[in-house]
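Data file: start22.txt. Format and content: compact mmCIF, C-alpha atoms.
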```
# COMPACT_ATOMS: atom_id res chain seq x y z
CA MET A 13 -5.64 27.96 7.51
CA ASP A 14 -7.01 24.66 8.83
CA ALA A 15 -4.47 22.94 11.10
CA ALA A 16 -5.39 19.60 9.53
CA THR A 17 -3.87 20.71 6.21
CA LEU A 18 -0.68 22.27 7.54
CA THR A 19 2.59 20.55 6.82
CA TYR A 20 5.90 20.14 8.59
CA ASP A 21 7.37 22.90 6.43
CA THR A 22 4.90 25.48 7.70
CA LEU A 23 4.88 24.58 11.39
CA ARG A 24 7.48 24.02 14.04
CA PHE A 25 7.30 20.75 15.95
CA GLY A 26 5.65 22.25 19.02
CA GLU A 27 2.90 23.94 17.01
CA PHE A 28 1.30 20.76 15.70
CA GLU A 29 -2.19 20.06 16.92
CA ASP A 30 -2.01 17.21 19.40
CA PHE A 31 -4.00 14.08 18.65
CA PRO A 32 -7.45 14.80 20.11
CA GLU A 33 -8.94 12.93 23.01
CA THR A 34 -11.99 11.17 21.67
CA SER A 35 -14.50 8.54 22.67
CA GLU A 36 -14.71 7.40 19.04
CA PRO A 37 -12.53 4.49 17.87
CA VAL A 38 -9.26 5.35 16.15
CA TRP A 39 -8.39 2.96 13.33
CA ILE A 40 -4.86 2.81 11.91
CA LEU A 41 -4.10 0.30 9.14
CA GLY A 42 -6.41 -2.42 10.39
CA LYS A 43 -5.95 -1.94 14.13
CA GLN A 44 -8.14 -0.10 16.63
CA PHE A 45 -6.34 2.07 19.18
CA ASN A 46 -7.28 3.61 22.48
CA GLU A 47 -3.68 4.41 23.43
CA ASP A 48 -0.17 4.11 21.98
CA ILE A 49 -1.49 5.72 18.79
CA LEU A 50 1.52 7.92 18.14
CA SER A 51 3.97 5.05 18.72
CA ASP A 52 2.26 3.07 15.97
CA ILE A 53 2.14 6.01 13.56
CA THR A 54 5.79 6.90 14.23
CA SER A 55 6.76 3.32 13.35
CA ARG A 56 5.47 3.73 9.81
CA LEU A 57 8.12 4.81 7.29
CA TRP A 58 7.58 8.46 6.33
CA PHE A 59 8.93 9.57 2.96
CA THR A 60 8.99 13.25 2.08
CA TYR A 61 10.49 15.59 -0.45
CA ARG A 62 14.29 15.46 -0.38
CA LYS A 63 16.99 17.77 -1.73
CA ASN A 64 20.67 17.39 -2.69
CA PHE A 65 20.42 13.81 -3.86
CA GLN A 66 22.18 12.41 -6.94
CA PRO A 67 20.79 13.89 -10.18
CA ILE A 68 18.01 11.69 -11.53
CA GLY A 69 19.21 10.10 -14.76
CA GLY A 70 22.64 11.65 -14.26
CA THR A 71 21.62 15.14 -15.39
CA GLY A 72 18.11 15.51 -13.98
CA PRO A 73 16.73 17.17 -10.85
CA THR A 74 18.45 16.84 -7.48
CA SER A 75 15.24 17.48 -5.54
CA ASP A 76 11.63 16.34 -5.93
CA ASN A 77 10.22 19.40 -4.18
CA GLY A 78 6.94 20.42 -5.81
CA TRP A 79 6.42 17.32 -7.95
CA GLY A 80 7.29 14.14 -6.01
CA CYS A 81 4.50 13.95 -3.41
CA MET A 82 2.58 11.11 -5.07
CA LEU A 83 5.83 9.25 -5.70
CA ARG A 84 6.65 9.55 -2.00
CA CYS A 85 3.16 8.30 -1.08
CA GLY A 86 3.77 5.31 -3.32
CA GLN A 87 7.01 4.68 -1.45
CA MET A 88 5.21 4.85 1.90
CA ILE A 89 2.53 2.38 0.95
CA LEU A 90 5.04 -0.09 -0.49
CA ALA A 91 7.30 0.33 2.54
CA GLU A 92 4.36 -0.66 4.72
CA ALA A 93 3.97 -3.81 2.59
CA LEU A 94 7.65 -4.64 3.15
CA ILE A 95 7.34 -4.07 6.89
CA ARG A 96 4.42 -6.52 6.96
CA ARG A 97 6.46 -8.93 4.85
CA HIS A 98 9.67 -8.88 6.88
CA LEU A 99 8.90 -7.36 10.31
CA THR A 100 5.12 -7.88 10.96
CA ARG A 101 2.39 -5.33 11.62
CA ASP A 102 3.25 -5.02 15.32
CA TRP A 103 6.88 -4.03 14.76
CA ARG A 104 7.86 -0.79 16.51
CA TRP A 105 10.57 1.72 15.70
CA LEU A 106 12.49 2.98 18.74
CA ARG A 107 14.47 6.15 18.29
CA GLY A 108 18.20 5.85 18.89
CA GLU A 109 18.29 2.06 19.10
CA ARG A 110 20.28 -0.11 16.73
CA GLN A 111 17.76 -1.42 14.24
CA LYS A 112 17.14 -4.92 12.97
CA GLU A 113 18.87 -6.02 9.78
CA GLY A 114 15.53 -6.51 8.05
CA TYR A 115 14.51 -2.93 8.79
CA ILE A 116 17.81 -1.57 7.48
CA SER A 117 17.38 -3.61 4.29
CA ILE A 118 13.90 -2.15 3.80
CA LEU A 119 15.16 1.39 4.33
CA HIS A 120 18.03 0.87 1.88
CA ALA A 121 15.48 -0.04 -0.80
CA PHE A 122 14.13 3.54 -0.65
CA ILE A 123 17.32 5.58 -0.19
CA ASP A 124 17.57 8.37 -2.78
CA LYS A 125 20.10 6.63 -5.01
CA LYS A 126 19.78 5.29 -8.52
CA ASP A 127 20.54 1.69 -7.48
CA SER A 128 17.90 1.42 -4.72
CA TYR A 129 14.92 -0.71 -5.74
CA TYR A 130 12.25 1.87 -4.95
CA SER A 131 14.19 5.15 -4.90
CA ILE A 132 12.79 8.38 -6.29
CA HIS A 133 15.26 7.85 -9.13
CA GLN A 134 13.83 4.45 -10.07
CA ILE A 135 10.20 5.58 -9.77
CA ALA A 136 10.76 8.73 -11.82
CA GLN A 137 12.64 6.94 -14.58
CA MET A 138 10.22 4.02 -14.72
CA GLY A 139 7.40 6.55 -15.01
CA VAL A 140 8.73 7.64 -18.38
CA GLY A 141 7.36 4.37 -19.75
CA GLU A 142 3.96 5.38 -18.36
CA GLY A 143 4.06 8.65 -20.28
CA LYS A 144 5.31 10.81 -17.41
CA SER A 145 8.45 12.85 -17.92
CA ILE A 146 10.86 13.21 -15.00
CA GLY A 147 9.61 15.98 -12.74
CA GLN A 148 5.97 15.56 -13.77
CA TRP A 149 3.30 14.97 -11.16
CA TYR A 150 1.79 11.45 -10.92
CA GLY A 151 -1.73 10.29 -10.25
CA PRO A 152 -2.60 7.22 -8.12
CA ASN A 153 -2.88 4.89 -11.12
CA THR A 154 0.50 5.89 -12.56
CA VAL A 155 2.36 5.30 -9.32
CA ALA A 156 0.56 1.96 -8.92
CA GLN A 157 1.71 0.82 -12.37
CA VAL A 158 5.29 1.92 -11.69
CA LEU A 159 5.47 0.10 -8.35
CA LYS A 160 4.20 -3.04 -10.04
CA LYS A 161 7.07 -2.90 -12.54
CA LEU A 162 9.75 -2.14 -9.95
CA ALA A 163 8.68 -4.95 -7.60
CA VAL A 164 9.75 -7.51 -10.21
CA PHE A 165 13.41 -6.67 -9.51
CA ASP A 166 13.10 -7.06 -5.72
CA THR A 167 14.08 -10.70 -5.41
CA TRP A 168 14.45 -10.42 -1.62
CA SER A 169 10.80 -9.59 -0.98
CA ARG A 170 9.32 -11.50 -3.95
CA LEU A 171 6.14 -9.44 -3.88
CA ALA A 172 3.35 -10.13 -6.35
CA VAL A 173 2.05 -6.64 -7.08
CA HIS A 174 -1.27 -6.50 -8.90
CA VAL A 175 -3.10 -3.42 -10.14
CA ALA A 176 -6.83 -4.07 -10.52
CA MET A 177 -8.12 -1.85 -13.30
CA ASP A 178 -11.61 -0.67 -14.27
CA ASN A 179 -12.98 -1.03 -10.72
CA THR A 180 -12.73 -4.81 -11.10
CA VAL A 181 -10.72 -7.38 -9.14
CA VAL A 182 -10.28 -10.54 -11.21
CA ILE A 183 -9.49 -13.52 -8.98
CA GLU A 184 -7.96 -15.58 -11.81
CA GLU A 185 -5.43 -12.82 -12.56
CA ILE A 186 -4.34 -12.74 -8.93
CA LYS A 187 -3.95 -16.50 -8.77
CA ARG A 188 -1.77 -16.52 -11.88
CA LEU A 189 0.44 -13.86 -10.33
CA CYS A 190 0.77 -15.44 -6.88
CA MET A 191 1.06 -19.03 -8.16
CA PRO A 192 3.21 -18.80 -11.32
CA TRP A 193 4.11 -22.49 -11.02
CA LEU A 194 0.47 -23.57 -11.47
CA ASP A 195 -0.62 -24.80 -14.90
CA PHE A 196 -3.99 -23.08 -15.22
CA GLU A 197 -4.81 -24.77 -18.49
CA ARG A 198 -4.71 -28.18 -16.81
CA GLY A 199 -5.68 -26.97 -13.34
CA ALA A 200 -2.57 -28.58 -11.88
CA CYS A 201 1.08 -27.95 -11.10
CA ALA A 202 3.44 -27.54 -14.01
CA SER A 203 5.48 -30.57 -12.96
CA GLN A 204 5.61 -34.31 -13.42
CA GLU A 205 5.50 -37.29 -11.09
CA VAL A 206 8.48 -39.61 -11.45
CA ASN A 207 8.74 -42.84 -9.43
CA GLY A 208 5.98 -41.66 -7.15
CA CYS A 209 7.66 -38.32 -6.38
CA LEU A 210 6.67 -34.84 -7.53
CA GLU A 211 9.28 -32.93 -9.49
CA GLY A 212 9.54 -29.26 -10.19
CA ALA A 213 7.77 -26.39 -8.48
CA CYS A 214 4.98 -28.44 -6.90
CA ALA A 215 7.47 -30.58 -5.04
CA LEU A 216 9.12 -27.46 -3.70
CA VAL A 217 5.79 -25.94 -2.68
CA GLU A 218 4.98 -29.01 -0.61
CA GLU A 219 8.16 -28.31 1.35
CA ASP A 220 8.34 -24.53 1.19
CA PRO A 221 5.14 -22.44 1.40
CA VAL A 222 7.23 -19.30 0.87
CA LEU A 223 7.04 -20.10 -2.85
CA TRP A 224 3.54 -18.71 -2.66
CA LYS A 225 4.20 -15.06 -3.45
CA PRO A 226 2.80 -12.48 -1.01
CA LEU A 227 0.28 -10.22 -2.70
CA VAL A 228 0.07 -6.44 -2.78
CA LEU A 229 -3.21 -5.45 -4.38
CA LEU A 230 -3.65 -1.88 -5.62
CA ILE A 231 -7.09 -0.77 -6.75
CA PRO A 232 -7.20 2.63 -8.50
CA LEU A 233 -10.69 4.04 -8.01
CA ARG A 234 -12.72 7.13 -8.74
CA LEU A 235 -15.34 7.70 -6.07
CA GLY A 236 -17.14 10.61 -7.66
CA LEU A 237 -16.73 13.36 -10.24
CA SER A 238 -15.24 16.49 -8.68
CA ASP A 239 -16.02 15.50 -5.07
CA ILE A 240 -16.24 12.19 -3.28
CA ASN A 241 -19.70 10.62 -3.45
CA GLU A 242 -20.93 10.43 0.15
CA ALA A 243 -22.37 6.97 -0.59
CA TYR A 244 -18.77 5.65 -0.56
CA ILE A 245 -17.71 7.17 2.74
CA GLU A 246 -18.67 4.29 5.06
CA THR A 247 -17.12 1.75 2.69
CA LEU A 248 -13.91 3.75 2.51
CA LYS A 249 -13.71 3.94 6.30
CA GLN A 250 -14.26 0.19 6.44
CA CYS A 251 -11.11 -0.28 4.36
CA PHE A 252 -8.95 1.08 7.17
CA MET A 253 -10.54 -1.39 9.60
CA MET A 254 -9.40 -4.48 7.72
CA PRO A 255 -6.26 -6.21 9.10
CA GLN A 256 -4.73 -6.48 5.64
CA SER A 257 -5.12 -2.78 4.82
CA LEU A 258 -2.04 -0.90 3.66
CA GLY A 259 -3.98 2.35 3.45
CA VAL A 260 -4.98 4.67 0.63
CA ILE A 261 -3.03 7.08 -1.55
CA GLY A 262 -4.83 10.16 -2.78
CA GLY A 263 -5.38 13.64 -1.42
CA LYS A 264 -6.41 16.87 -3.05
CA PRO A 265 -5.77 18.00 -6.64
CA ASN A 266 -1.99 17.99 -7.21
CA SER A 267 -1.36 17.40 -3.51
CA ALA A 268 -0.94 13.75 -2.51
CA HIS A 269 -1.18 12.22 0.97
CA TYR A 270 -0.82 8.74 2.44
CA PHE A 271 -4.01 7.97 4.36
CA ILE A 272 -3.49 5.44 7.14
CA GLY A 273 -6.70 5.58 9.17
CA PHE A 274 -9.62 7.57 10.49
CA VAL A 275 -11.33 8.84 13.61
CA GLY A 276 -14.96 9.89 13.31
CA GLN A 277 -15.31 11.75 10.00
CA GLU A 278 -11.64 12.69 9.79
CA LEU A 279 -9.00 10.84 7.80
CA ILE A 280 -5.55 10.45 9.36
CA TYR A 281 -2.63 10.81 6.98
CA LEU A 282 1.12 11.21 6.59
CA ASP A 283 2.06 14.27 4.57
CA PRO A 284 5.08 14.14 2.22
CA HIS A 285 5.19 17.93 1.75
CA THR A 286 8.33 18.43 3.79
CA THR A 287 11.72 19.09 2.18
CA GLN A 288 14.56 17.34 3.99
CA SER A 289 18.16 16.73 2.97
CA ALA A 290 19.06 13.44 1.35
CA VAL A 291 20.58 10.86 3.70
CA GLU A 292 23.76 8.92 3.01
CA PRO A 293 24.09 5.51 4.70
CA CYS A 294 27.02 5.05 7.09
CA GLU A 295 29.98 2.88 6.16
CA ASN A 296 28.61 0.06 8.32
CA GLY A 297 25.30 0.17 6.44
CA GLN A 298 23.34 1.83 9.25
CA VAL A 299 21.18 4.82 8.35
CA GLN A 300 20.50 7.99 10.31
CA ASP A 301 16.78 7.32 10.19
CA ASP A 302 15.11 9.91 12.42
CA SER A 303 13.91 11.83 9.36
CA TYR A 304 12.17 8.72 8.02
CA HIS A 305 9.68 8.63 10.89
CA CYS A 306 6.99 11.22 11.57
CA GLN A 307 7.57 12.14 15.22
CA HIS A 308 4.79 14.67 15.56
CA PRO A 309 1.01 14.11 15.62
CA PRO A 310 -0.25 13.15 12.15
CA CYS A 311 -2.34 15.42 9.96
CA ARG A 312 -6.09 15.07 9.66
CA MET A 313 -8.73 16.20 7.18
CA HIS A 314 -12.48 15.78 6.84
CA ILE A 315 -13.28 12.84 4.63
CA CYS A 316 -15.46 14.99 2.35
CA GLU A 317 -12.37 17.01 1.36
CA LEU A 318 -10.79 13.93 -0.25
CA ASP A 319 -10.26 14.06 -3.99
CA PRO A 320 -12.34 11.23 -5.54
CA SER A 321 -9.33 9.78 -7.40
CA ILE A 322 -7.57 7.33 -5.04
CA ALA A 323 -5.82 3.97 -4.94
CA ALA A 324 -6.73 1.60 -2.11
CA VAL A 325 -4.11 -1.00 -1.21
CA SER A 326 -4.07 -4.27 0.74
CA SER A 327 -1.69 -7.18 1.24
CA THR A 328 -1.42 -10.82 2.22
CA GLN A 329 1.38 -13.15 3.23
CA PRO A 330 2.08 -16.55 1.60
CA THR A 331 -0.34 -19.31 2.61
CA HIS A 332 0.26 -23.01 1.99
CA PRO A 333 -2.66 -24.55 0.03
CA SER A 334 -3.16 -27.29 2.60
CA SER A 335 -3.20 -24.93 5.56
CA SER A 336 -6.35 -23.43 7.00
CA MET A 337 -7.36 -19.90 6.21
CA GLY A 338 -7.02 -18.93 9.87
CA GLN A 339 -8.96 -15.95 11.05
CA GLN A 340 -11.69 -14.95 8.64
CA ASN A 341 -11.44 -11.69 6.81
CA ARG A 342 -13.65 -8.82 7.76
CA SER A 343 -16.54 -8.65 5.32
CA LEU A 344 -17.71 -5.45 3.70
CA SER A 345 -21.14 -6.88 3.01
CA SER A 346 -22.52 -5.50 6.27
CA CYS A 347 -21.41 -1.99 5.41
CA ARG A 348 -24.20 0.43 4.60
CA GLY A 349 -22.10 2.31 2.07
CA LEU A 350 -21.80 1.70 -1.66
CA PRO A 351 -19.17 -0.94 -2.57
CA MET A 352 -16.26 0.56 -4.46
CA PHE A 353 -15.30 -2.22 -6.87
CA GLU A 354 -16.49 -5.41 -8.51
CA LEU A 355 -15.19 -8.88 -7.73
CA VAL A 356 -15.23 -11.52 -10.48
CA ASP A 357 -13.73 -14.98 -11.02
CA SER A 358 -12.45 -14.32 -14.55
CA GLN A 359 -12.04 -11.43 -16.96
CA PRO A 360 -15.49 -10.02 -17.83
CA SER A 361 -16.22 -9.88 -21.53
CA HIS A 362 -17.17 -6.21 -21.36
CA LEU A 363 -13.64 -5.30 -20.23
CA ILE A 364 -12.15 -6.85 -23.36
CA ASN A 365 -14.01 -4.27 -25.43
CA THR A 366 -11.85 -1.13 -25.26
CA GLU A 367 -14.89 1.02 -26.02
CA VAL A 368 -16.47 0.09 -22.71
CA LEU A 369 -13.82 0.88 -20.09
CA ASN A 370 -13.78 2.72 -16.76
CA LEU A 371 -17.38 1.89 -15.96
CA THR A 372 -18.47 2.09 -12.34
CA PRO A 373 -20.16 -1.27 -11.67
CA ASP A 374 -23.59 -1.69 -10.18
CA PHE A 375 -22.22 -3.71 -7.30
CA SER A 376 -25.36 -4.86 -5.55
CA ASP A 377 -24.25 -8.45 -4.92
CA SER A 378 -23.05 -8.01 -1.33
CA ASP A 379 -23.51 -11.73 -0.67
CA ARG A 380 -20.76 -12.43 -3.20
CA LEU A 381 -18.36 -10.15 -1.34
CA GLU A 382 -19.15 -11.97 1.88
CA ARG A 383 -18.43 -15.33 0.28
CA PHE A 384 -15.14 -14.03 -1.07
CA PHE A 385 -13.89 -12.66 2.24
CA ASP A 386 -15.17 -15.48 4.45
CA SER A 387 -14.71 -18.50 2.20
CA GLU A 388 -12.38 -21.24 3.42
CA ASP A 389 -12.32 -23.22 0.20
CA GLU A 390 -10.08 -20.83 -1.78
CA GLU A 391 -6.75 -22.31 -2.84
CA PHE A 392 -4.92 -19.50 -1.10
CA GLU A 393 -5.72 -16.49 1.00
CA ILE A 394 -6.49 -13.33 -0.96
CA LEU A 395 -6.77 -10.37 1.36
CA SER A 396 -8.55 -7.53 -0.36
CA LEU A 397 -10.65 -4.53 0.49
```

Take the structure I supplied and represent it as structure tokens, if you would.
Amino acid sequence: MDAATLTYDTLRFGEFEDFPETSEPVWILGKQFNEDILSDITSRLWFTYRKNFQPIGGTGPTSDNGWGCMLRCGQMILAEALIRRHLTRDWRWLRGERQKEGYISILHAFIDKKDSYYSIHQIAQMGVGEGKSIGQWYGPNTVAQVLKKLAVFDTWSRLAVHVAMDNTVVIEEIKRLCMPWLDFERGACASQEVNGCLEGACALVEEDPVLWKPLVLLIPLRLGLSDINEAYIETLKQCFMMPQSLGVIGGKPNSAHYFIGFVGQELIYLDPHTTQSAVEPCENGQVQDDSYHCQHPPCRMHICELDPSIAAVSSTQPTHPSSSMGQQNRSLSSCRGLPMFELVDSQPSHLINTEVLNLTPDFSDSDRLERFFDSEDEEFEILSL
């Protein structure tokens, strides 16, 4: 058995393959590492199978062993978005130390209880509306749609979660989601000027840029038929190099992983296939959180072993319209691989026709991608793949 595919259930801590010494760059969620790799990986929230939690729906399963791996990967990728939102990318988890209030709030959102925003209970029950019965395995698109629905109830984080379908990212749809106060029909704020002063949302935006919702963009993709098309490999690796990357959820058939980076031709991932006991928060709200952080070297697999059905995810923080874009986004136009999705200003007419869906676009316009990522005249900062 390849050590890169072994899980925590099948190995003791000391038997994990150590992270290899390499002269090649190691990229983890938009950052290049030469050292301190394991500290960064350990700081990511690691969600795995759990047992002995409250029955889902009151009478349902008390463990997600064998069916919840994609749901747990969805939790991990959204947890990373919340860490970026509330703690920043450079936040570090230190074992045994009293944690920040923001971190505890994030962790509480994923505790295995029915009233947690993003618990296994909420994801499983919301999936029923997507045609998945409780206990049924999810694909990347299903978990993306469920997370989008659940994020609406998280008023603390106020995330704008968008799922870009049919290999197409529509800029207008993202703007409507991140700027709900904007009157797109008139191209102006949905407010009035009285006695020389703005009223309504626009007046608040001038004072409070936080009203611009932070974006989490999920792009379900299929990068081949039964195997990944090698033409996409360099583009996929480039995704992990972008500062706004939240990673990729995918894996092998019926076995989901959370991919967070790469080294050479190997993908680095967190594996949810570990069954741990459910955790109850302490009376003071603190959580025994050791089991929520992967404290052994991460798993690795050759990129060609990846199932072609994935969801790539990125994020951005609120940006005031009058502020500068800051550091330019990394452009994919210089990548020699095949671009994975199409970028358009408004809904293409061919997507309105339900008979012509799920087409892989002939995305040869690399100059357009470069303009999108490097442009400074956008009304707000969209950080995509």

Inset, instruction - Using all atoms listed in the file, determine which residues lie at most 7 Å from segment 152-168 of chain A, disregarding the query and same-chain residues fewer than 6 positions distant; provide the list as a PyMOL selection string. - result: chain A and resi 83+86+129-130+135+138-139+142+174-175+230+232+261-262+322-323

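One finds atom CA of Ser55 of chain A at 13.2 Å from atom CA of Ala93 of chain A.
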
Inset, instruction - Please identify all polymer residues lying at most 7 Å from the point (-16.3, -5.7, -10.6) (file coordinates), using all atoms listed in the file, and present the result as number ranges by chain. - result: A: 179-181, 353-356, 373

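In this model, the gap between atom CA of Leu235 of chain A and atom CA of Cys306 of chain A comes to 28.7 Å.
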
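Coordinates place atom CA of His98 of chain A at a distance of 13.2 Å from atom CA of Gln111 of chain A.
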